[in-house]
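Peer 1: Dropping in input-v4.cif, which is mmCIF, C-alpha atoms:
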```
data_start
loop_
_atom_site.label_atom_id
_atom_site.label_comp_id
_atom_site.auth_asym_id
_atom_site.auth_seq_id
_atom_site.Cartn_x
_atom_site.Cartn_y
_atom_site.Cartn_z
CA MET E 12 -3.71 -8.76 -6.87
CA PRO E 13 -4.84 -11.56 -9.22
CA PRO E 14 -3.96 -15.18 -8.45
CA PRO E 15 -0.55 -16.37 -9.67
CA THR E 16 -0.35 -17.40 -13.30
CA ARG E 17 2.00 -19.78 -15.09
CA PRO E 18 5.75 -19.23 -14.55
CA ARG E 19 7.28 -16.66 -16.84
CA PRO E 20 10.89 -16.33 -17.92
CA LYS E 21 12.93 -13.60 -16.35
CA PRO E 22 11.74 -10.23 -17.71
CA LYS E 23 13.88 -8.50 -20.28
CA PRO E 24 16.20 -5.77 -18.95
CA SER E 25 14.39 -2.56 -18.14
CA LYS E 26 15.15 0.89 -16.85
CA SER E 27 15.11 -0.47 -13.30
CA THR E 28 17.34 -3.51 -13.97
CA ALA E 29 20.61 -1.73 -13.32
CA THR E 30 19.43 -0.42 -9.99
CA ILE E 31 18.73 -3.80 -8.46
CA SER E 32 21.14 -6.16 -10.15
CA THR E 33 23.52 -6.29 -7.21
CA LEU E 34 21.06 -8.29 -5.11
CA ALA E 35 18.69 -11.11 -5.92
CA THR E 36 15.66 -10.56 -8.16
CA PRO E 37 12.64 -12.79 -8.79
CA LYS E 38 13.26 -15.67 -11.16
CA LEU E 39 10.56 -18.20 -11.89
CA LYS E 40 7.54 -18.69 -9.70
CA PRO E 41 8.11 -21.54 -7.18
CA ALA E 42 6.90 -24.85 -8.55
CA LYS E 43 4.11 -26.78 -6.90
CA GLY E 44 5.39 -29.22 -4.34
CA SER E 45 8.63 -27.31 -3.79
CA ALA E 46 10.18 -27.16 -0.35
CA SER E 47 8.10 -25.07 2.04
CA HIS E 48 9.74 -22.28 3.98
CA GLU E 49 8.81 -19.50 6.30
CA VAL E 50 10.22 -16.04 6.75
CA THR E 51 9.64 -14.82 10.26
CA SER E 52 11.75 -11.68 10.08
CA VAL E 53 12.87 -9.25 7.40
CA VAL E 54 15.50 -6.53 7.58
CA LEU E 55 14.34 -3.50 5.59
CA GLY E 56 17.34 -1.22 5.35
CA SER E 57 18.36 -1.12 9.00
CA GLN E 58 15.02 -2.07 10.58
CA LEU E 59 14.25 -5.60 11.74
CA ILE E 60 10.56 -6.39 11.22
CA PRO E 61 8.65 -9.57 12.15
CA ALA E 62 6.82 -11.07 9.17
CA TRP E 63 3.08 -11.62 9.49
CA CYS E 64 2.29 -13.96 6.60
CA PRO E 65 3.81 -16.84 4.61
CA SER E 66 6.59 -15.88 2.24
CA SER E 67 6.75 -16.14 -1.54
CA TYR E 68 10.49 -15.57 -1.63
CA PRO E 69 12.60 -18.33 -3.23
CA LEU E 70 13.94 -20.74 -0.61
CA LYS E 71 17.57 -20.01 -1.44
CA ALA E 72 17.00 -16.31 -0.65
CA ILE E 73 16.28 -17.02 3.03
CA ALA E 74 18.92 -16.91 5.75
CA SER E 75 18.86 -18.46 9.22
CA ASP E 76 18.73 -16.08 12.14
CA HIS E 77 21.56 -18.05 13.70
CA ASP E 78 24.00 -16.45 11.24
CA THR E 79 26.65 -15.09 13.58
CA HIS E 80 27.87 -12.67 10.91
CA SER E 81 24.58 -10.77 10.88
CA PRO E 82 24.67 -7.35 12.59
CA PHE E 83 20.90 -7.52 13.17
CA SER E 84 19.79 -9.23 16.37
CA LEU E 85 16.40 -10.93 16.35
CA SER E 86 16.11 -10.43 20.09
CA ALA E 87 15.54 -6.74 19.40
CA SER E 88 12.30 -7.49 17.55
CA THR E 89 8.88 -8.65 18.67
CA SER E 90 8.94 -11.86 16.62
CA PRO E 91 6.90 -14.70 18.17
CA HIS E 92 9.58 -17.17 17.02
CA PRO E 93 12.81 -15.87 18.55
CA THR E 94 14.61 -19.23 18.50
CA SER E 95 13.49 -20.64 15.15
CA SER E 96 13.17 -18.18 12.33
CA GLU E 97 14.50 -17.39 8.90
CA ARG E 98 15.42 -13.97 7.71
CA ILE E 99 15.75 -12.00 4.51
CA TYR E 100 17.52 -8.69 3.92
CA VAL E 101 15.79 -6.11 1.69
CA CYS E 102 17.02 -2.81 0.28
CA GLU E 103 14.66 -0.03 1.38
CA HIS E 104 15.08 1.77 -1.97
CA CYS E 105 14.87 -0.89 -4.69
CA PHE E 106 13.51 -3.84 -2.60
CA SER E 107 16.07 -6.28 -3.93
CA TYR E 108 16.66 -9.09 -1.47
CA THR E 109 19.49 -11.27 -0.23
CA PRO E 110 20.10 -13.88 2.50
CA GLU E 111 23.36 -12.16 3.48
CA ALA E 112 23.56 -9.05 5.64
CA SER E 113 26.99 -8.30 4.21
CA GLU E 114 25.55 -8.17 0.68
CA LEU E 115 22.92 -5.65 1.73
CA LEU E 116 25.55 -3.46 3.38
CA LEU E 117 27.71 -3.59 0.26
CA HIS E 118 24.72 -2.80 -1.98
CA LYS E 119 23.39 0.23 -0.11
CA PRO E 120 26.05 2.81 -1.14
CA PHE E 121 25.63 1.86 -4.81
CA CYS E 122 21.84 1.56 -5.07
CA HIS E 123 20.80 3.88 -7.91
CA LEU E 124 17.43 4.53 -6.28
CA SER E 125 18.82 5.82 -3.00
CA GLY E 126 18.88 9.39 -4.26
CA LYS E 127 15.61 9.62 -6.19
CA PRO E 128 12.57 7.33 -6.05
CA LEU E 129 11.65 5.40 -9.18
CA GLY E 130 8.74 6.53 -11.34
CA LYS E 131 6.75 9.64 -12.21
CA LEU E 132 5.98 12.16 -9.47
CA VAL E 133 2.18 12.54 -9.26
CA TYR E 134 1.70 14.08 -5.80
CA ALA E 135 3.77 16.15 -3.38
CA HIS E 136 2.66 17.98 -0.24
CA ASN E 137 3.85 18.54 3.30
CA GLY E 138 6.78 16.17 3.24
CA PHE E 139 5.07 13.31 1.39
CA SER E 140 5.08 12.44 -2.28
CA ILE E 141 3.60 9.70 -4.47
CA TYR E 142 5.34 8.20 -7.48
CA GLU E 143 3.67 6.22 -10.25
CA VAL E 144 5.64 3.16 -11.38
CA ASP E 145 4.51 1.17 -14.42
CA GLY E 146 4.85 -2.58 -13.91
CA GLU E 147 5.58 -3.04 -17.60
CA GLU E 148 8.43 -0.51 -17.62
CA HIS E 149 9.94 -1.58 -14.29
CA PRO E 150 8.97 -5.24 -13.74
CA LEU E 151 11.84 -6.18 -11.43
CA PHE E 152 11.24 -3.34 -8.99
CA CYS E 153 7.51 -4.11 -8.90
CA GLN E 154 8.09 -7.84 -8.42
CA CYS E 155 10.48 -7.20 -5.54
CA LEU E 156 8.03 -4.74 -3.95
CA SER E 157 5.21 -7.30 -4.29
CA LEU E 158 7.31 -10.06 -2.71
CA PHE E 159 8.06 -7.81 0.27
CA ALA E 160 4.41 -6.80 0.65
CA LYS E 161 3.26 -10.43 0.71
CA LEU E 162 4.99 -10.82 4.09
CA PHE E 163 2.30 -8.56 5.59
CA LEU E 164 -0.81 -9.27 3.48
CA ASP E 165 -2.73 -12.49 4.01
CA THR E 166 -5.59 -11.68 1.64
CA LYS E 167 -3.57 -11.22 -1.55
CA SER E 168 -1.84 -13.68 -3.83
CA ILE E 169 1.52 -12.67 -5.19
CA SER E 170 1.76 -12.23 -8.95
CA TYR E 171 4.94 -12.26 -10.97
CA ASP E 172 2.99 -10.81 -13.89
CA VAL E 173 3.18 -7.17 -12.82
CA GLU E 174 2.91 -5.70 -16.33
CA PRO E 175 -0.89 -5.10 -16.11
CA PHE E 176 -0.47 -3.02 -12.93
CA LEU E 177 0.48 0.49 -11.92
CA PHE E 178 2.19 0.89 -8.56
CA TYR E 179 1.99 4.08 -6.48
CA THR E 180 4.70 4.40 -3.83
CA LEU E 181 4.27 6.74 -0.87
CA VAL E 182 7.57 8.48 -0.14
CA GLU E 183 8.38 10.41 3.02
CA ASP E 184 11.02 13.10 3.28
CA VAL E 185 13.45 12.11 6.02
CA LEU E 186 15.01 15.03 7.83
CA PRO E 187 18.59 14.44 8.99
CA PRO E 188 19.02 14.41 12.77
CA ALA E 189 20.53 17.35 14.58
CA THR E 190 24.26 16.84 14.93
CA ASP E 191 27.24 18.30 16.67
CA GLY E 192 30.86 17.41 16.37
CA ALA E 193 33.19 16.73 13.46
CA GLY E 194 31.37 13.65 12.16
CA GLY E 195 27.94 15.27 12.05
CA LYS E 196 27.88 16.23 8.38
CA ALA E 197 28.66 12.71 7.14
CA GLN E 198 25.95 11.26 9.36
CA GLN E 199 23.43 13.80 8.03
CA GLN E 200 24.19 12.88 4.45
CA GLN E 201 23.74 9.19 5.22
CA GLU E 202 20.49 9.36 7.19
CA GLY E 203 18.66 12.23 5.46
CA GLY E 204 16.78 11.79 2.18
CA LYS E 205 13.63 9.93 1.15
CA ARG E 206 12.16 6.58 2.07
CA ILE E 207 9.25 4.53 0.76
CA VAL E 208 6.76 3.92 3.58
CA GLY E 209 3.98 2.17 1.66
CA PHE E 210 2.28 1.72 -1.69
CA PHE E 211 -0.84 0.66 -3.52
CA SER E 212 -1.30 -1.01 -6.87
CA LYS E 213 -4.13 -0.90 -9.37
CA GLU E 214 -4.95 -2.68 -12.58
CA LYS E 215 -4.60 -0.61 -15.73
CA MET E 216 -7.85 -2.19 -16.89
CA SER E 217 -10.19 -3.65 -14.26
CA TRP E 218 -13.29 -5.40 -15.58
CA ASP E 219 -14.65 -5.57 -12.03
CA GLY E 220 -14.50 -1.80 -11.54
CA ASN E 221 -11.79 -2.01 -8.87
CA ILE E 222 -9.81 1.19 -8.40
CA LEU E 223 -7.21 -0.44 -6.14
CA ALA E 224 -5.81 -3.96 -6.02
CA CYS E 225 -3.42 -3.99 -3.08
CA ILE E 226 -2.47 -1.47 -0.38
CA LEU E 227 0.10 -1.57 2.39
CA ILE E 228 1.74 0.84 4.79
CA PHE E 229 4.89 -0.88 5.99
CA PRO E 230 4.65 -1.93 9.67
CA PRO E 231 7.20 0.56 11.10
CA TYR E 232 5.15 3.46 9.69
CA GLN E 233 1.62 2.36 10.52
CA ARG E 234 -0.78 4.15 12.89
CA ARG E 235 0.17 7.53 11.46
CA GLY E 236 -2.79 8.00 9.14
CA LEU E 237 -0.65 7.38 6.06
CA GLY E 238 -3.03 4.81 4.62
CA LYS E 239 -5.63 7.53 4.21
CA ILE E 240 -3.25 9.41 1.90
CA LEU E 241 -3.05 6.45 -0.45
CA ILE E 242 -6.76 5.66 -0.23
CA SER E 243 -7.68 9.26 -0.93
CA PHE E 244 -5.30 9.44 -3.88
CA SER E 245 -6.78 6.26 -5.39
CA TYR E 246 -10.15 8.02 -5.46
CA VAL E 247 -8.53 11.09 -7.04
CA LEU E 248 -7.28 8.82 -9.83
CA ALA E 249 -10.71 7.20 -10.18
CA ARG E 250 -12.39 10.59 -10.39
CA GLY E 251 -9.99 11.62 -13.13
CA GLU E 252 -10.98 8.48 -15.03
CA GLY E 253 -14.69 9.10 -14.41
CA LYS E 254 -14.95 5.79 -12.55
CA ILE E 255 -17.01 5.08 -9.43
CA GLY E 256 -15.53 2.05 -7.76
CA GLY E 257 -13.81 0.60 -4.74
CA PRO E 258 -10.92 -1.61 -3.64
CA GLU E 259 -10.51 -5.23 -4.63
CA LYS E 260 -11.97 -7.49 -1.97
CA PRO E 261 -11.41 -9.13 0.41
CA LEU E 262 -9.54 -6.43 2.29
CA SER E 263 -7.07 -7.17 5.04
CA ASP E 264 -8.09 -6.24 8.57
CA LEU E 265 -5.92 -3.12 8.42
CA GLY E 266 -7.20 -2.31 4.95
CA GLN E 267 -10.79 -2.61 6.09
CA LYS E 268 -10.09 -0.32 9.04
CA GLY E 269 -8.42 2.27 6.84
CA TYR E 270 -11.16 2.29 4.23
CA ARG E 271 -13.94 2.43 6.83
CA SER E 272 -12.28 5.48 8.37
CA TYR E 273 -11.99 7.18 4.97
CA TRP E 274 -15.53 6.35 3.88
CA THR E 275 -16.98 7.48 7.20
CA SER E 276 -15.19 10.81 7.01
CA VAL E 277 -16.10 11.72 3.42
CA LEU E 278 -19.70 10.47 3.65
CA ALA E 279 -20.30 12.36 6.90
CA ALA E 280 -19.01 15.51 5.21
CA ALA E 281 -21.26 14.99 2.19
CA ILE E 282 -24.34 14.50 4.38
CA LEU E 283 -23.75 17.19 7.01
CA ASN E 284 -22.57 19.86 4.57
CA ARG E 285 -25.51 19.36 2.25
CA LYS E 286 -27.58 22.55 1.97
CA SER E 287 -30.60 21.05 0.26
CA LYS E 288 -33.36 19.79 2.56
CA LYS E 289 -34.40 17.13 0.07
CA PRO E 290 -33.83 13.53 1.22
CA ILE E 291 -30.39 12.37 0.16
CA THR E 292 -30.12 9.06 -1.66
CA ILE E 293 -27.42 6.40 -1.91
CA THR E 294 -27.00 7.32 -5.57
CA ASP E 295 -26.48 10.98 -4.64
CA LEU E 296 -23.77 10.11 -2.12
CA SER E 297 -22.03 7.74 -4.49
CA LYS E 298 -21.89 10.32 -7.28
CA GLU E 299 -20.68 13.04 -4.93
CA THR E 300 -17.95 11.03 -3.19
CA TRP E 301 -17.10 8.52 -5.97
CA VAL E 302 -17.55 5.73 -3.41
CA HIS E 303 -19.28 2.58 -4.66
CA GLN E 304 -22.91 2.29 -3.56
CA GLU E 305 -22.22 -1.01 -1.81
CA ASP E 306 -19.54 0.65 0.31
CA VAL E 307 -21.81 3.64 1.01
CA VAL E 308 -24.52 1.39 2.42
CA ALA E 309 -22.08 -0.69 4.50
CA THR E 310 -20.47 2.42 5.99
CA LEU E 311 -23.77 4.08 6.89
CA LYS E 312 -24.95 0.86 8.51
CA GLY E 313 -21.83 0.91 10.65
CA MET E 314 -22.70 4.46 11.68
CA GLY E 315 -26.27 3.45 12.52
CA ALA E 316 -27.47 6.15 10.15
CA ILE E 317 -29.47 4.18 7.58
CA GLY E 318 -32.59 2.06 7.56
CA ARG E 319 -35.42 0.86 5.35
CA SER E 320 -38.69 2.69 4.92
CA ALA E 321 -41.99 0.88 5.41
CA PRO E 322 -42.79 -1.95 2.93
CA ASP E 323 -45.01 -1.10 0.01
CA ALA E 324 -48.48 -2.49 -0.62
CA ALA E 325 -47.02 -5.63 -2.19
CA GLY E 326 -44.86 -6.25 0.86
CA GLU E 327 -41.62 -5.35 -0.88
CA PRO E 328 -38.96 -3.67 1.31
CA GLY E 329 -38.95 0.10 1.21
CA GLY E 330 -36.03 2.22 0.02
CA TRP E 331 -33.07 3.32 2.07
CA VAL E 332 -33.59 6.26 4.44
CA ILE E 333 -30.54 8.17 5.64
CA SER E 334 -30.72 10.01 8.95
CA ARG E 335 -28.69 13.20 9.11
CA SER E 336 -29.25 13.46 12.87
CA LYS E 337 -27.81 9.96 13.38
CA VAL E 338 -24.75 10.94 11.37
CA ARG E 339 -24.33 14.04 13.52
CA GLU E 340 -24.63 11.94 16.69
CA PHE E 341 -22.07 9.45 15.41
CA VAL E 342 -19.58 12.21 14.59
CA ALA E 343 -20.01 13.77 18.03
CA ALA E 344 -19.62 10.42 19.80
CA THR E 345 -16.55 9.23 17.86
CA GLY E 346 -14.79 12.52 17.23
CA ILE E 347 -13.98 11.67 13.61
CA LYS E 348 -12.57 14.39 11.39
CA VAL E 349 -15.35 15.16 8.95
CA GLY E 350 -14.15 15.56 5.37
CA SER E 351 -10.58 14.54 6.19
CA GLY E 352 -9.73 12.89 2.89
CA GLY E 353 -6.04 12.54 3.61
CA ILE E 354 -4.51 14.61 0.80
CA ALA E 355 -4.32 18.21 -0.34
CA MET E 356 -5.65 18.55 -3.88
CA GLU E 357 -3.11 21.25 -4.67
CA GLY E 358 -0.42 18.59 -4.30
CA ALA E 359 -1.77 16.45 -7.15
CA MET E 360 0.19 16.64 -10.41
CA LEU E 361 -1.80 14.32 -12.63
CA ASP E 362 -1.73 16.57 -15.68
CA GLN E 363 2.04 16.80 -15.86
#
```
Let me see the file written as structure tokens.

Peer 2:
Amino acid sequence: MPPPTRPRPKPKPSKSTATISTLATPKLKPAKGSASHEVTSVVLGSQLIPAWCPSSYPLKAIASDHDTHSPFSLSASTSPHPTSSERIYVCEHCFSYTPEASELLLHKPFCHLSGKPLGKLVYAHNGFSIYEVDGEEHPLFCQCLSLFAKLFLDTKSISYDVEPFLFYTLVEDVLPPATDGAGGKAQQQQEGGKRIVGFFSKEKMSWDGNILACILIFPPYQRRGLGKILISFSYVLARGEGKIGGPEKPLSDLGQKGYRSYWTSVLAAAILNRKSKKPITITDLSKETWVHQEDVVATLKGMGAIGRSAPDAAGEPGGWVISRSKVREFVAATGIKVGSGGIAMEGAMLDQ
């Protein structure tokens, strides 16, 4: 996301205002020199999660973990600061926040987004869906989502000016647990439904050619390959716009790992499935996969499948030479899934 800009007044009421008014919403951006604070744990719905990065939440929104009225015990988490931490409570549907656990519990039954995710459905397949949320139409939701994400992203600066961005939330269908007994039906209705497990944002107009600004799979849902769904979908959007590009840099460590996995998979497929015996070029691969040439070169270097040809008569470096055999060796050694882009194209609903 872009660096923070000057403080803005509270956005005018929007379609999302009514859904998050029961808890706190972003006001003005913290002034320079204001009291510093640190959030070391966040309760998302009913899950206690250690924070990884400095918070951008207003100081008054933070609660001490010594609050005896809180039903969430920090000792159940893996926080490195079990005796000195501050906590915030966040609704898992609208991402409004509060320093009081009781306020979150009172809010949950009345959250208007608990039944249906906000935004326009643009992808649905195999239990996962993606919704497009316009930062201009729903500024409060997008601000709250950005504040939550900042707890886990050290390479991005929070922006309260979300209007220039589109947000794409990844939603998972949650199956109710098997029950028996008289109280089973009520428990099913409470625990079944949908939950947001991650998101990415992109600028509506990027002069740098970036197709993605910020990406995060929430910590409880990581290591399931869900990041590849979002990465793959960002390239589907870019292809629809006729834009070859890549993510805004620098990437977080997890973001770099996710993108390298995606690039490796789609580039290996493009090289190994190529029927023509003509030498393949960086330009060819970029046009075929919609991956920026810079990212193509970096990925192939990591695979040990690219090198320079001999210098010309003037001593200038030769062009890039891609080795199909080296790609094949890399795939065999690492066991990567060739061509595994992360999404099923039949699930995309971009023309609706």

Peer 1: Between atom CA of E:Leu124 and atom CA of E:Ala359, measure the distance and give it in Å to one decimal.

Peer 2: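 Taking atom CA of E:Leu124 as the start and atom CA of E:Ala359 as the end point, the length is 22.6 Å.
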
Peer 1: Could you please determine the separation between atom CA of E:Gly318 and atom CA of E:Glu259 in Å, to one decimal place?

Peer 2: 26.3 Å

Peer 1: May I ask which of the residues E:Ala321, E:Cys122, E:Ala280, E:Leu227 is the closest one to E:Leu265, counting only C-alpha atoms?

Peer 2: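 Closest candidate: E:Leu227.
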
Peer 1: Around all of stretch 295-303 of chain E's listed atoms, make the axis-aligned box with 3 Å on each side and tell me centre and edge lengths in Å to one decimal, as AutoDock Vina command-line options.

Peer 2:
```
--center_x -21.8 --center_y 7.8 --center_z -4.7 --size_x 15.4 --size_y 16.5 --size_z 11.2
```

Peer 1: Set the distance at 7 Å and use all atoms listed in the file: which residues neighbour stretch 208-216 of chain E once local chain neighbours fewer than 3 positions away are removed? I'd like the list as a list in words.

Peer 2: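 Once the nearby chain positions are removed, what remains is Pro175, Phe176, Leu177, Phe178, Tyr179, Thr180, Leu181, Val182, Glu183, Ile222, Leu223, Ala224, Cys225, Ile226, Leu227, Ile228, Phe229, Tyr232 and Leu241 of chain E.
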
Peer 1: If the PyMOL selection byres ((chain E and resi 292) around 10) were run on this exact file, what residues would it hold? Put them as a PDB file with C-alpha atoms, in the frame of the given file.

Peer 2:
```
ATOM      1  CA  ILE E 282     -24.340  14.500   4.380  1.00  0.00           C
ATOM      2  CA  LYS E 289     -34.400  17.130   0.070  1.00  0.00           C
ATOM      3  CA  PRO E 290     -33.830  13.530   1.220  1.00  0.00           C
ATOM      4  CA  ILE E 291     -30.390  12.370   0.160  1.00  0.00           C
ATOM      5  CA  ILE E 293     -27.420   6.400  -1.910  1.00  0.00           C
ATOM      6  CA  THR E 294     -27.000   7.320  -5.570  1.00  0.00           C
ATOM      7  CA  ASP E 295     -26.480  10.980  -4.640  1.00  0.00           C
ATOM      8  CA  LEU E 296     -23.770  10.110  -2.120  1.00  0.00           C
ATOM      9  CA  SER E 297     -22.030   7.740  -4.490  1.00  0.00           C
ATOM     10  CA  GLY E 330     -36.030   2.220   0.020  1.00  0.00           C
ATOM     11  CA  TRP E 331     -33.070   3.320   2.070  1.00  0.00           C
ATOM     12  CA  VAL E 332     -33.590   6.260   4.440  1.00  0.00           C
ATOM     13  CA  ILE E 333     -30.540   8.170   5.640  1.00  0.00           C
TER      14      ILE E 333
END
```

Peer 1: Atom CA of E:Lys161 and atom CA of E:Gly126 are how many Å apart?

Peer 2: 25.7 Å

Peer 1: Can you list, as JSON, numbers by chain, every protein, DNA or RNA residue that comes within 10 Å of E:Val338 when you count only C-alpha atoms, leaving out same-chain residues fewer than 4 positions away?

Peer 2: {"E": [275, 278, 279, 280, 282, 283, 311, 314, 315, 316, 317, 333, 334, 342, 343, 344]}

Peer 1: For this file, the PyMOL selection byres ((chain E and resi 246-256) around 6) selects which residues, as a list in words?

Peer 2: Gly220, Asn221, Ile222, Ser243, Phe244, Ser245, Gly257, Trp301 and His303 of chain E

Peer 1: Could you list the residues chosen by the PyMOL selection byres ((chain E and resi 133) around 10) in this structure as a PyMOL selection string?

Peer 2: chain E and resi 130-132+134-135+140-143+179+244+358-363
